[in-house]
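J.: I have a structure I would like to understand better, so I am pasting it below and will then ask my questions one at a time.
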Amino acid sequence: MTTVEAAEALGRPAWRGGFGRLWSAAVISRFGDALRTAALPLLAVRLTDEPLAVASVTACAYVPWLLFGLLGGAVADRVDQRRAMWAVDTVRGLLVAAFALAVGLGHASIALLLALAFALTTLQTLFDNAATALLPSLVDREALGGANARLMTGQQLAGGLLAGPFVPLLLAAGAFMPFAADAGTYLLAAALVASLRTRPPGREPRPAGSTLRAEIGEGLRVLWADRTLRAICGATLLCNIGMGALIATLVLHVTRWLHAGDAGFAAAMTAYSAGSVAGGLIAQRIARRAGRLRALIAAGTVQTGCLLLAGTVRHLGALLPALLLLGAMGMVWNVNQVTLMQQRGPESMLGRTAAAFRTASTSGAPLGALLGGAAARVYGLNAPALLAAVLFGLAVTSLISARRRDVRVVVPDDGATTGHRAA
């Protein structure tokens, strides 16, 4: 038995065989993304004082999932996923480099921010669906849970704990610097993905005359027919509405409601990312003990309490631990959700199944961002956090109801048993 086979037999992904390079590409790219994600709202509030305009920057980053998400999944199932990923990252690197140049020359505007957010997410609809479908070709399905946990944990470690403290320093050197760094990470990640050697996906020949529209419909039917994934998708939709409201206005919550300034915003982002790293380390342990559906219910319950704390206590000392726990439980949610989708979906249709799930669940994020901006304007800058708490509570309630209807889940992949059991 090889080292790779021995590791995957224990339910852990081996770093050799391509997974290590994919992990490195994802972590490097996330580092740059975190710089850009933190810099965009800070740049936006320097250009306008209107909460709804600031929130629109976040909303615009989600809209392409509604327009192109299903198409991106169908294309991902047709093309060489590795080539699609490195090509997309190359284009994104060039786009962000051009934006950095515009900012450096003093041509930044809200309209330009909106255009960048829209373009990057449009390309992301193909990249993310291709990445979800590519992972099972690099590791065995028994190791998917561990692979997802390591990927997400590494991304949060680089994107929050490492990138967060750099944002104020880079902004001090020039408003264009975070975007220039992001462009470089995209290009480096593209080179790493291009070097991967993957086995061909197990695809059946497409029927004569098969169209993208028909293939998209197949992905939607697979998602709808699986009671577990359907229930989780609905709950994730509610959570994404809440997170859209919170994230779109978090910079206003911290800098205006708490009067904590740019440093406080960086600390808030770092706390959330630190929690996400911790959540990645415990996600599989929780799933082994409780089952994946119970893990989602527990995570959503804790997140609801965190959002209530953030929206009622006007002190940075309360917000930081709330965001720490919010991030940890968010990672527990994400690891279990993605693993279930990869395990239960047909390998030849993972791109479409993932696209259907993401499009349906992500559709609430732009609505949440706009609702958050409106709530902040009408009811106060803490209102988006309270709105998010209500929506998370509804999501937990829906999952509890689904469990009572005997929705069944896959046993965590790194346990000693196989098959199904009641959640």
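Here, A, B, ... name the chains of the structure tokens in the order displayed, residue numbers run from 1 inside each chain, and ligands are numbered from 1 in the same displayed order.
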Extract, using only C-alpha atoms, all DNA, RNA and protein residues at most 9 Å from region 59-63 of chain A, discarding same-chain residues fewer than 3 positions from it, and format them as a PyMOL selection string.

T.: chain A and resi 55-56+66-68+114-122+244+248+362-370

J.: State, in Å with one decimal place, the distance from CA of Phe392 (chain A) to CA of Met329 (chain A).

T.: 12.0 Å

J.: So which one's closest to Ala290 (chain A), A:Asn336, A:Thr270, A:Asn129, A:Gln342? Using only C-alpha atoms, please.

T.: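 Using only C-alpha atoms, Ala290 (chain A) sits closest to A:Asn336.
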
J.: My list of candidates is A:Ala181, A:Ala100, A:Leu112, A:Ala74. Which is closest to Gly219 (chain A) when distances are computed with only C-alpha atoms?

T.: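 When distances to Gly219 (chain A) are compared using only C-alpha atoms, the smallest one comes from A:Ala74.
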
J.: What parts of region 184-422 of chain A does DSSP call helix (DSSP H, G or I)? I'd like the answer as an MDAnalysis selection string.

T.: chainID A and resid 184:194 212:225 227:257 261:290 292:312 316:344 347:362 364:379 383:404

J.: Between A:Phe265, A:Phe19, A:Val335, A:Leu192, single out the one closest to Ile247 (chain A), counting only C-alpha atoms.

T.: A:Phe265

J.: What is the CA of Leu126 (chain A)-CA of Val193 (chain A) distance in Å, reported with one decimal?

T.: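 So the two atoms, CA of Leu126 (chain A) and CA of Val193 (chain A), lie 14.6 Å apart.
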
J.: Distance table requested - region 243-346 of chain A against region 42-53 of chain A, cut-off 8 Å, only C-alpha atoms: one row per qualifying residue with the closest atom pair and its distance in Å to one decimal, ordered by chain and rising residue number, as a Markdown table.

T.:
| residue | atom | partner | partner_atom | distance |
| --- | --- | --- | --- | --- |
| A:Thr249 | CA | A:Pro51 | CA | 7.4 |
| A:Val251 | CA | A:Leu42 | CA | 7.3 |
| A:Leu252 | CA | A:Pro51 | CA | 7.7 |
| A:Asp262 | CA | A:Leu42 | CA | 7.7 |

J.: Taking 2 positions as the minimum chain separation for residues in the same chain, which residues sit within 12 Å of Met331 (chain A) when counting only C-alpha atoms? Answer as a ChimeraX atom specification.

T.: /A:148-157,272-284,286,295-296,299-300,303,324-329,333-338

J.: What separation in Å, quoted to one decimal, exists between CA of Pro168 (chain A) and CA of Val27 (chain A)?

T.: 20.6 Å

J.: Choose the residue, out of A:Leu350, A:Val396, A:Leu250, A:Ala175, that has the smallest atom-to-atom separation from Ala376 (chain A); count only C-alpha atoms.

T.: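 Between A:Leu350, A:Val396, A:Leu250, A:Ala175, the residue approaching Ala376 (chain A) most closely is A:Leu250.
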
J.: Pick from A:Ala87, A:Thr359, A:Val57, A:Gly261: nearest to Gly234 (chain A), with only C-alpha atoms counted?

T.: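 Of A:Ala87, A:Thr359, A:Val57, A:Gly261, the one nearest Gly234 (chain A) is A:Thr359, counting only C-alpha atoms.
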
J.: Which of these residues is nearest to Thr255 (chain A), using only C-alpha atoms: A:Ser109, A:Asn240, A:Thr90, A:Asn382?

T.: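 Smallest separation from Thr255 (chain A) among the options: A:Asn382.
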
J.: Residues within 8 Å of Val96 (chain A), please, as a PyMOL selection string. Count only C-alpha atoms; anything in the same chain fewer than 4 positions from it doesn't count.

T.: chain A and resi 92+100+116+179-180+182-183

J.: Using the selection just defined, write its residues with N, CA and C atoms as a PDB file, in the first residue's frame.

T.:
ATOM      1  N   ARG A  92      -8.967  36.472 -13.885  1.00  0.00           N
ATOM      2  CA  ARG A  92      -9.258  37.255 -12.679  1.00  0.00           C
ATOM      3  C   ARG A  92      -8.027  38.039 -12.228  1.00  0.00           C
ATOM      4  N   ALA A 100      -6.364  47.635  -9.780  1.00  0.00           N
ATOM      5  CA  ALA A 100      -5.334  48.228  -8.925  1.00  0.00           C
ATOM      6  C   ALA A 100      -4.700  49.436  -9.608  1.00  0.00           C
ATOM      7  N   LEU A 116     -16.251  45.536 -10.842  1.00  0.00           N
ATOM      8  CA  LEU A 116     -15.250  44.531 -10.470  1.00  0.00           C
ATOM      9  C   LEU A 116     -15.892  43.380  -9.721  1.00  0.00           C
ATOM     10  N   PHE A 179      -5.101  45.321  -3.853  1.00  0.00           N
ATOM     11  CA  PHE A 179      -5.590  44.785  -5.119  1.00  0.00           C
ATOM     12  C   PHE A 179      -4.433  44.282  -5.988  1.00  0.00           C
ATOM     13  N   ALA A 180      -3.308  44.960  -5.938  1.00  0.00           N
ATOM     14  CA  ALA A 180      -2.130  44.492  -6.665  1.00  0.00           C
ATOM     15  C   ALA A 180      -1.659  43.144  -6.114  1.00  0.00           C
ATOM     16  N   ASP A 182      -3.549  40.942  -4.585  1.00  0.00           N
ATOM     17  CA  ASP A 182      -4.559  39.954  -4.964  1.00  0.00           C
ATOM     18  C   ASP A 182      -4.331  39.465  -6.387  1.00  0.00           C
ATOM     19  N   ALA A 183      -3.984  40.377  -7.296  1.00  0.00           N
ATOM     20  CA  ALA A 183      -3.720  39.993  -8.683  1.00  0.00           C
ATOM     21  C   ALA A 183      -2.563  39.000  -8.756  1.00  0.00           C
TER      22      ALA A 183
END
